[in-house]
Amino acid sequence: MNKKSIIANLIFPNINETINDLEKKYPPRDLPNGAIVTRFAPSPTGFLHTGSLFTSLVSYRFAKQTQGVFFMRLEDTDQKREIKGSGEKVLEQLLIFGIKPDESYLHPGKYGPYIQSERKNNYDIVIKEMLLKGLAYPCFCTHEELSDIRKEQEAKKLLPGYYHEFARCRYLSDDEVIENLKQGKDYVIRFKSQGKLDERVVLEDEIRGRIEFPKNIQDVVIRKTDGLPTYHFAHVVDDHFMRTTHVTRGEEWMPSAPIHLEMFEQLTWDKPVFCHFPVIMKLDDGKRRKLSKRKDEEASVDYFLEKGYPIEGFLEYLMTLANSNFEEWRLANPKASIFDFNLEFSKMSLDGALFDLEKVKSISKEVLGNFDKHTFTEKALEYAKKYNQELYLVINKDIDYFKQIINIEREQEKPRKDYEKFSDILDIINFMYDDYYEELKNNVTYNERFEKSFLIEILKAYKDIVNLDLDQETWFAEMKELALNKNFAKNGKQYKKDPDNYHGHIGDFAEILRLAICAKNSTPNFYDVLKILGEKRVKARISDSIKLLEK
């Protein structure tokens with residue numbers, strides 16, 4: 001047995017399989033020509049980031065529109081940072097947004113396991129063969145020795161890292177390595193890079209085209225002291241044997257591309273297509289920066305779920321970031337599902353997309369405005385059950401009554417758009433419920449130019465003529481006639497022209513009634529509100545308001 005075999009067997013005494021065995025275990029996928037295989041590979045270290053949702057949405061769509069495969073792989077090799085249960089939560093949130101992986105650790109296929117820590121045997125097989133072929137070596141350097149190397153490089157103003165003459169353990173003899181292993185010294189395993197300082201490598205990125213980088217020269221760690229692989233190595237092995245055709249990831253990973261390209265090259269594996277998506281950015285004091293987990297609440301999809309932004313609206317917004325021609329397509333296909341739109345790599349932005357919360361709100365208003373009353377109520381209940389118990393109880397108290405309120409100016413050619421998210425509902429319609437009205441009415445503030453006696457006069461006069469059997473046009477005509485009789489101008493323009501001769505204009509008159517009956521100066525269509533409340537409740541509320549004014 002040669003010395004490299006002795007080294008490999010000292011480190012991996014129980015590994016007898018080869019890379020060729022893995023090739024047979026994970027054969028190329030049987031898919032149509034042109035089918036794309038993508039993956040979403042989160043770490044279980046917290047919430048689903050808005051940028052990660054964007055990446056997974058786009059990856060999912062490219063796979064689905066080509067009859068390919070989209071799978072989820074949990075990258076848990078950095079177990080010190082792992083948050084228990086976060087992997088399950090991320091998968092749950094993907095499903096909420098309609099993104100269902102074809103394969104995952106909950107729905108495994110033939111290319112699993114789908115959790116990296118459970119794929120350790122695969123990594124060990126590949127590393128053992130790399131040791132045998134001289135593509136990797138064990139490194140016994142201590143933290144102190146690595147610190148000394150870094151200090152020397154800093155003093156000489158050299159590129160930091162473990163490479164060339166600074167890669168001390170690269171030059172150990174096989175006998176020295178064997179002796180160190182037998183003594184039980186701690187070690188990591190490093191990739192033996194063949195790169196030189198003046199060499200360049202080319203990445204043909206599907207989105208960004210041809211990009212040149214300095215070739216990798218670092219002997220990066222591929223297996224840590226705990227026996228688990230690093231991200232760089234695990235990604236290469238997994239994407240090869242899981243037969244990923246397109247590695248879709250954020251542009252922040254571009255600097256790592258030379259490492260990955262060299263590993264694919266040294267292992268003589270076909271490289272996948274790399275697609276580096278633009279990072280989602282935010283303006284902060286006029287400067288662009290990456291959407292931050294620490295600084296920005298909207299960096300987490302939890303923010304949008306808890307606020308009750310409609311799923312459809314948020315996905316619609318992300319699609320506007322994904323392809324420059326999506327909005328043009330939407331205008332031509334206003335009722336189509338976003339999943340009917342075919343993405344193109346050539347239509348993706350090269351620059352970081354600015355996250356625009358106002359645009360999210362605008363799109364969400366459109367989406368919620370276009371739901372019929374049944375769909376709106378169903379989705380509101382679903383949201384409230386999970387995030388807003390108060391709203392849930394209000395809706396369930398009388399679902400048909402809730403639907404009447406929500407349906408005000410809804411199912412028509414140009415529906416009213418009062419709501420941008422489900423958490424807005426109670427603040428907008430709470431006055432329609434007597435319990436809330438009782439609280440609100442005590443804090444009503446009328447226009448200060450109206451005396452209490454005059455307000456009482458107006459309310460008593462309107463109470464005497466209330467007739468909600470009338471159609472809206474006739475109802476408004478009667479209200480307007482009363483306003484004119486009480487010396488209100490017919491419109492704001494007339495009042496502005498001659499304010500000394502009028503108490504106000506018709507809008508001021510309507511506001512007095514709205515405040516008395518609704519305890520708010522802004523409501524959905526006033527006529528519809530009165531019809532739903534009913535004449536008896538309207539008169540009772542007017543009476544209550546008169547009593548409060550008389551105190």
# chains A, B, ... in the order shown; residues from 1 in each chain; ligands from 1
>>> residues_around(residues="Thr320 in chain A", least_positions_apart="6", cutoff="10 Å", atoms="only C-alpha atoms", output="MDAnalysis selection string")
chainID A and resid 326:328 330 348 353
>>> write_last_selection(atoms="C-alpha atoms", output="PDB file, in the first residue's frame")
ATOM      1  CA  PHE A 326     -43.278  41.473 -16.580  1.00  0.00           C
ATOM      2  CA  GLU A 327     -45.316  44.657 -16.113  1.00  0.00           C
ATOM      3  CA  GLU A 328     -45.865  44.948 -19.859  1.00  0.00           C
ATOM      4  CA  ARG A 330     -49.378  42.052 -16.906  1.00  0.00           C
ATOM      5  CA  MET A 348     -33.036  40.026 -15.521  1.00  0.00           C
ATOM      6  CA  ALA A 353     -33.096  45.899  -7.501  1.00  0.00           C
TER       7      ALA A 353
END
>>> residues_around(residues="range 422-430 of chain A", least_positions_apart="4", cutoff="7 Å", atoms="only C-alpha atoms", output="PyMOL selection string")
chain A and resi 307-309+380+391+436
>>> write_last_selection(atoms="N, CA and C atoms", output="PDB file, in the first residue's frame")
ATOM      1  N   LYS A 307     -48.341  41.258   8.745  1.00  0.00           N
ATOM      2  CA  LYS A 307     -49.117  42.451   8.405  1.00  0.00           C
ATOM      3  C   LYS A 307     -50.329  42.115   7.550  1.00  0.00           C
ATOM      4  N   GLY A 308     -50.285  40.959   6.909  1.00  0.00           N
ATOM      5  CA  GLY A 308     -51.427  40.554   6.101  1.00  0.00           C
ATOM      6  C   GLY A 308     -51.404  41.049   4.671  1.00  0.00           C
ATOM      7  N   TYR A 309     -50.217  41.294   4.128  1.00  0.00           N
ATOM      8  CA  TYR A 309     -50.149  41.612   2.696  1.00  0.00           C
ATOM      9  C   TYR A 309     -50.584  40.366   1.921  1.00  0.00           C
ATOM     10  N   ALA A 380     -59.138  36.682   4.466  1.00  0.00           N
ATOM     11  CA  ALA A 380     -59.061  37.476   5.691  1.00  0.00           C
ATOM     12  C   ALA A 380     -59.179  36.575   6.918  1.00  0.00           C
ATOM     13  N   LEU A 391     -59.605  40.299  14.976  1.00  0.00           N
ATOM     14  CA  LEU A 391     -60.265  40.328  13.664  1.00  0.00           C
ATOM     15  C   LEU A 391     -60.993  39.023  13.403  1.00  0.00           C
ATOM     16  N   TYR A 436     -67.476  48.675  18.989  1.00  0.00           N
ATOM     17  CA  TYR A 436     -66.399  49.613  18.647  1.00  0.00           C
ATOM     18  C   TYR A 436     -66.942  51.038  18.540  1.00  0.00           C
TER      19      TYR A 436
END
>>> atom_distance(atom1="CA of Ala136 in chain A", atom2="CA of Pro160 in chain A")
20.2 Å
>>> residues_around(residues="range 498-502 of chain A", least_positions_apart="3", cutoff="10 Å", atoms="only C-alpha atoms", output="NGL selection string")
:A and (484 or 486-490 or 492-495 or 505)
>>> residues_around(residues="range 161-177 of chain A", least_positions_apart="5", cutoff="8 Å", atoms="only C-alpha atoms", output="ChimeraX atom specification")
/A:3-4,7,137-141,149-150,192,217-220
>>> select_by_dssp(residues="range 156-310 of chain A", states="alpha helix (DSSP H)", output="number ranges by chain")
A: 174-182, 231-241, 257-266, 301-307
>>> residues_around(residues="Arg289 in chain A", least_positions_apart="4", cutoff="9 Å", atoms="only C-alpha atoms", output="PyMOL selection string")
chain A and resi 280-284+352
>>> write_last_selection(atoms="N, CA, C and O atoms", output="compact mmCIF listing (two decimals), in the first residue's frame")
# COMPACT_ATOMS: atom_id res chain seq x y z
N ILE A 280 -31.31 42.30 -3.66
CA ILE A 280 -32.34 43.31 -3.38
C ILE A 280 -31.75 44.37 -2.47
O ILE A 280 -31.20 44.07 -1.41
N MET A 281 -31.86 45.62 -2.91
CA MET A 281 -31.22 46.74 -2.23
C MET A 281 -32.26 47.65 -1.57
O MET A 281 -33.46 47.52 -1.81
N LYS A 282 -31.74 48.57 -0.75
CA LYS A 282 -32.61 49.57 -0.12
C LYS A 282 -31.86 50.90 -0.07
O LYS A 282 -30.65 50.92 0.13
N LEU A 283 -32.59 52.00 -0.26
CA LEU A 283 -31.99 53.32 -0.12
C LEU A 283 -31.94 53.70 1.36
O LEU A 283 -32.95 53.62 2.06
N ASP A 284 -30.78 54.10 1.82
CA ASP A 284 -30.60 54.48 3.21
C ASP A 284 -29.78 55.77 3.22
O ASP A 284 -28.59 55.76 2.88
N GLY A 352 -28.47 45.71 -8.57
CA GLY A 352 -29.33 45.39 -7.44
C GLY A 352 -30.68 46.09 -7.55
O GLY A 352 -30.75 47.29 -7.81
>>> closest_residue(among="A:His232, A:His246, A:Lys496, A:Lys547", to="Phe191 in chain A", atoms="only C-alpha atoms")
A:His232
>>> closest_residue(among="A:Lys359, A:Lys551, A:Lys373, A:Lys224", to="Glu409 in chain A", atoms="only C-alpha atoms")
A:Lys373
>>> closest_residue(among="A:Ile189, A:Leu197, A:Val367, A:Ala8", to="Lys133 in chain A", atoms="only C-alpha atoms")
A:Ala8
>>> residues_around(residues="Ile408 in chain A", least_positions_apart="5", cutoff="9 Å", atoms="only C-alpha atoms", output="compact mmCIF listing (two decimals) with N, CA and C atoms, in the first residue's frame")
# COMPACT_ATOMS: atom_id res chain seq x y z
N LYS A 403 -69.28 40.28 5.05
CA LYS A 403 -69.22 40.28 3.58
C LYS A 403 -69.95 41.50 3.00
N PRO A 415 -63.47 48.57 -9.00
CA PRO A 415 -63.74 48.36 -7.57
C PRO A 415 -63.01 49.34 -6.68
N ARG A 416 -63.64 49.60 -5.53
CA ARG A 416 -63.03 50.47 -4.53
C ARG A 416 -61.81 49.76 -3.93
N PRO A 524 -65.82 54.02 4.01
CA PRO A 524 -66.26 53.60 2.68
C PRO A 524 -67.57 54.31 2.31
N ASN A 525 -68.04 54.13 1.11
CA ASN A 525 -69.22 54.83 0.59
C ASN A 525 -70.30 55.02 1.65
N ASP A 528 -73.81 53.35 1.24
CA ASP A 528 -73.77 51.90 1.48
C ASP A 528 -73.61 51.59 2.96
N VAL A 529 -72.82 52.37 3.64
CA VAL A 529 -72.64 52.19 5.08
C VAL A 529 -73.98 52.32 5.80
>>> closest_atom_pairs(of="range 210-237 of chain A", to="range 28-41 of chain A", cutoff="12 Å", atoms="only C-alpha atoms", output="CSV")
residue,atom,partner,partner_atom,distance
A:Tyr231,CA,A:Ala41,CA,10.7
A:Ala234,CA,A:Ala41,CA,11.3
A:His235,CA,A:Ala41,CA,9.1
>>> closest_residue(among="A:Lys480, A:Ile512, A:Tyr419, A:Glu457", to="Val444 in chain A", atoms="only C-alpha atoms")
A:Ile512
>>> select_by_dssp(residues="range 239-392 of chain A", states="strand (DSSP E or B)", output="ChimeraX atom specification")
/A:246-250,273-277,280-284,287-290,300,353-354
>>> closest_atom_pairs(of="range 117-162 of chain A", to="range 89-109 of chain A", cutoff="12 Å", atoms="only C-alpha atoms", output="JSON lines")
{"residue": "A:Ser117", "atom": "CA", "partner": "A:Tyr105", "partner_atom": "CA", "distance": 11.8}
{"residue": "A:Glu118", "atom": "CA", "partner": "A:Tyr105", "partner_atom": "CA", "distance": 10.3}
{"residue": "A:Arg119", "atom": "CA", "partner": "A:Tyr105", "partner_atom": "CA", "distance": 11.8}
>>> closest_residue(among="A:Phe264, A:Ala384, A:Gln67, A:Phe304", to="Lys361 in chain A", atoms="only C-alpha atoms")
A:Phe304
>>> decode(residues="range 262-283 of chain A", atoms="N, CA, C and O atoms", output="mmCIF file, in the first residue's frame")
data_model
loop_
_atom_site.group_PDB
_atom_site.id
_atom_site.type_symbol
_atom_site.label_atom_id
_atom_site.label_comp_id
_atom_site.auth_asym_id
_atom_site.auth_seq_id
_atom_site.Cartn_x
_atom_site.Cartn_y
_atom_site.Cartn_z
ATOM 1 N N GLU A 262 -12.776 25.899 -9.976
ATOM 2 C CA GLU A 262 -11.571 25.069 -9.913
ATOM 3 C C GLU A 262 -11.875 23.683 -9.355
ATOM 4 O O GLU A 262 -11.333 22.681 -9.815
ATOM 5 N N MET A 263 -12.761 23.613 -8.371
ATOM 6 C CA MET A 263 -13.112 22.298 -7.822
ATOM 7 C C MET A 263 -13.782 21.424 -8.879
ATOM 8 O O MET A 263 -13.463 20.230 -9.014
ATOM 9 N N PHE A 264 -14.733 22.008 -9.624
ATOM 10 C CA PHE A 264 -15.362 21.232 -10.701
ATOM 11 C C PHE A 264 -14.300 20.768 -11.703
ATOM 12 O O PHE A 264 -14.320 19.626 -12.177
ATOM 13 N N GLU A 265 -13.365 21.652 -12.006
ATOM 14 C CA GLU A 265 -12.323 21.323 -12.989
ATOM 15 C C GLU A 265 -11.417 20.213 -12.483
ATOM 16 O O GLU A 265 -11.144 19.238 -13.205
ATOM 17 N N GLN A 266 -10.936 20.317 -11.238
ATOM 18 C CA GLN A 266 -10.005 19.326 -10.702
ATOM 19 C C GLN A 266 -10.671 17.959 -10.533
ATOM 20 O O GLN A 266 -10.014 16.926 -10.656
ATOM 21 N N LEU A 267 -11.982 17.969 -10.274
ATOM 22 C CA LEU A 267 -12.711 16.702 -10.128
ATOM 23 C C LEU A 267 -13.201 16.169 -11.470
ATOM 24 O O LEU A 267 -13.847 15.114 -11.513
ATOM 25 N N THR A 268 -12.903 16.911 -12.550
ATOM 26 C CA THR A 268 -13.300 16.566 -13.929
ATOM 27 C C THR A 268 -14.808 16.365 -14.071
ATOM 28 O O THR A 268 -15.260 15.484 -14.789
ATOM 29 N N TRP A 269 -15.558 17.220 -13.382
ATOM 30 C CA TRP A 269 -17.022 17.177 -13.468
ATOM 31 C C TRP A 269 -17.508 18.319 -14.359
ATOM 32 O O TRP A 269 -16.910 19.397 -14.386
ATOM 33 N N ASP A 270 -18.606 18.064 -15.078
ATOM 34 C CA ASP A 270 -19.206 19.132 -15.883
ATOM 35 C C ASP A 270 -19.700 20.246 -14.963
ATOM 36 O O ASP A 270 -20.355 19.977 -13.946
ATOM 37 N N LYS A 271 -19.386 21.473 -15.339
ATOM 38 C CA LYS A 271 -19.832 22.614 -14.524
ATOM 39 C C LYS A 271 -21.312 22.887 -14.797
ATOM 40 O O LYS A 271 -21.749 22.842 -15.953
ATOM 41 N N PRO A 272 -22.079 23.190 -13.758
ATOM 42 C CA PRO A 272 -23.450 23.658 -13.990
ATOM 43 C C PRO A 272 -23.412 25.072 -14.562
ATOM 44 O O PRO A 272 -22.359 25.722 -14.572
ATOM 45 N N VAL A 273 -24.555 25.555 -15.020
ATOM 46 C CA VAL A 273 -24.671 26.940 -15.462
ATOM 47 C C VAL A 273 -24.842 27.807 -14.214
ATOM 48 O O VAL A 273 -25.712 27.536 -13.386
ATOM 49 N N PHE A 274 -24.017 28.837 -14.099
ATOM 50 C CA PHE A 274 -24.133 29.736 -12.946
ATOM 51 C C PHE A 274 -24.993 30.937 -13.324
ATOM 52 O O PHE A 274 -24.832 31.528 -14.401
ATOM 53 N N CYS A 275 -25.924 31.295 -12.430
ATOM 54 C CA CYS A 275 -26.842 32.412 -12.657
ATOM 55 C C CYS A 275 -26.854 33.251 -11.386
ATOM 56 O O CYS A 275 -27.455 32.861 -10.381
ATOM 57 N N HIS A 276 -26.186 34.381 -11.412
ATOM 58 C CA HIS A 276 -26.094 35.226 -10.218
ATOM 59 C C HIS A 276 -27.127 36.343 -10.292
ATOM 60 O O HIS A 276 -27.014 37.251 -11.110
ATOM 61 N N PHE A 277 -28.143 36.231 -9.433
ATOM 62 C CA PHE A 277 -29.255 37.186 -9.415
ATOM 63 C C PHE A 277 -28.832 38.496 -8.760
ATOM 64 O O PHE A 277 -27.967 38.511 -7.881
ATOM 65 N N PRO A 278 -29.488 39.593 -9.145
ATOM 66 C CA PRO A 278 -29.217 40.861 -8.458
ATOM 67 C C PRO A 278 -29.682 40.795 -7.006
ATOM 68 O O PRO A 278 -30.704 40.192 -6.699
ATOM 69 N N VAL A 279 -28.908 41.408 -6.129
ATOM 70 C CA VAL A 279 -29.277 41.478 -4.716
ATOM 71 C C VAL A 279 -30.350 42.555 -4.542
ATOM 72 O O VAL A 279 -30.330 43.580 -5.215
ATOM 73 N N ILE A 280 -31.307 42.302 -3.663
ATOM 74 C CA ILE A 280 -32.335 43.306 -3.385
ATOM 75 C C ILE A 280 -31.752 44.372 -2.468
ATOM 76 O O ILE A 280 -31.198 44.069 -1.411
ATOM 77 N N MET A 281 -31.858 45.619 -2.910
ATOM 78 C CA MET A 281 -31.223 46.737 -2.228
ATOM 79 C C MET A 281 -32.257 47.647 -1.567
ATOM 80 O O MET A 281 -33.458 47.525 -1.814
ATOM 81 N N LYS A 282 -31.743 48.574 -0.755
ATOM 82 C CA LYS A 282 -32.606 49.573 -0.125
ATOM 83 C C LYS A 282 -31.863 50.897 -0.074
ATOM 84 O O LYS A 282 -30.646 50.920 0.126
ATOM 85 N N LEU A 283 -32.592 52.000 -0.262
ATOM 86 C CA LEU A 283 -31.987 53.324 -0.116
ATOM 87 C C LEU A 283 -31.943 53.698 1.360
ATOM 88 O O LEU A 283 -32.948 53.624 2.061
#
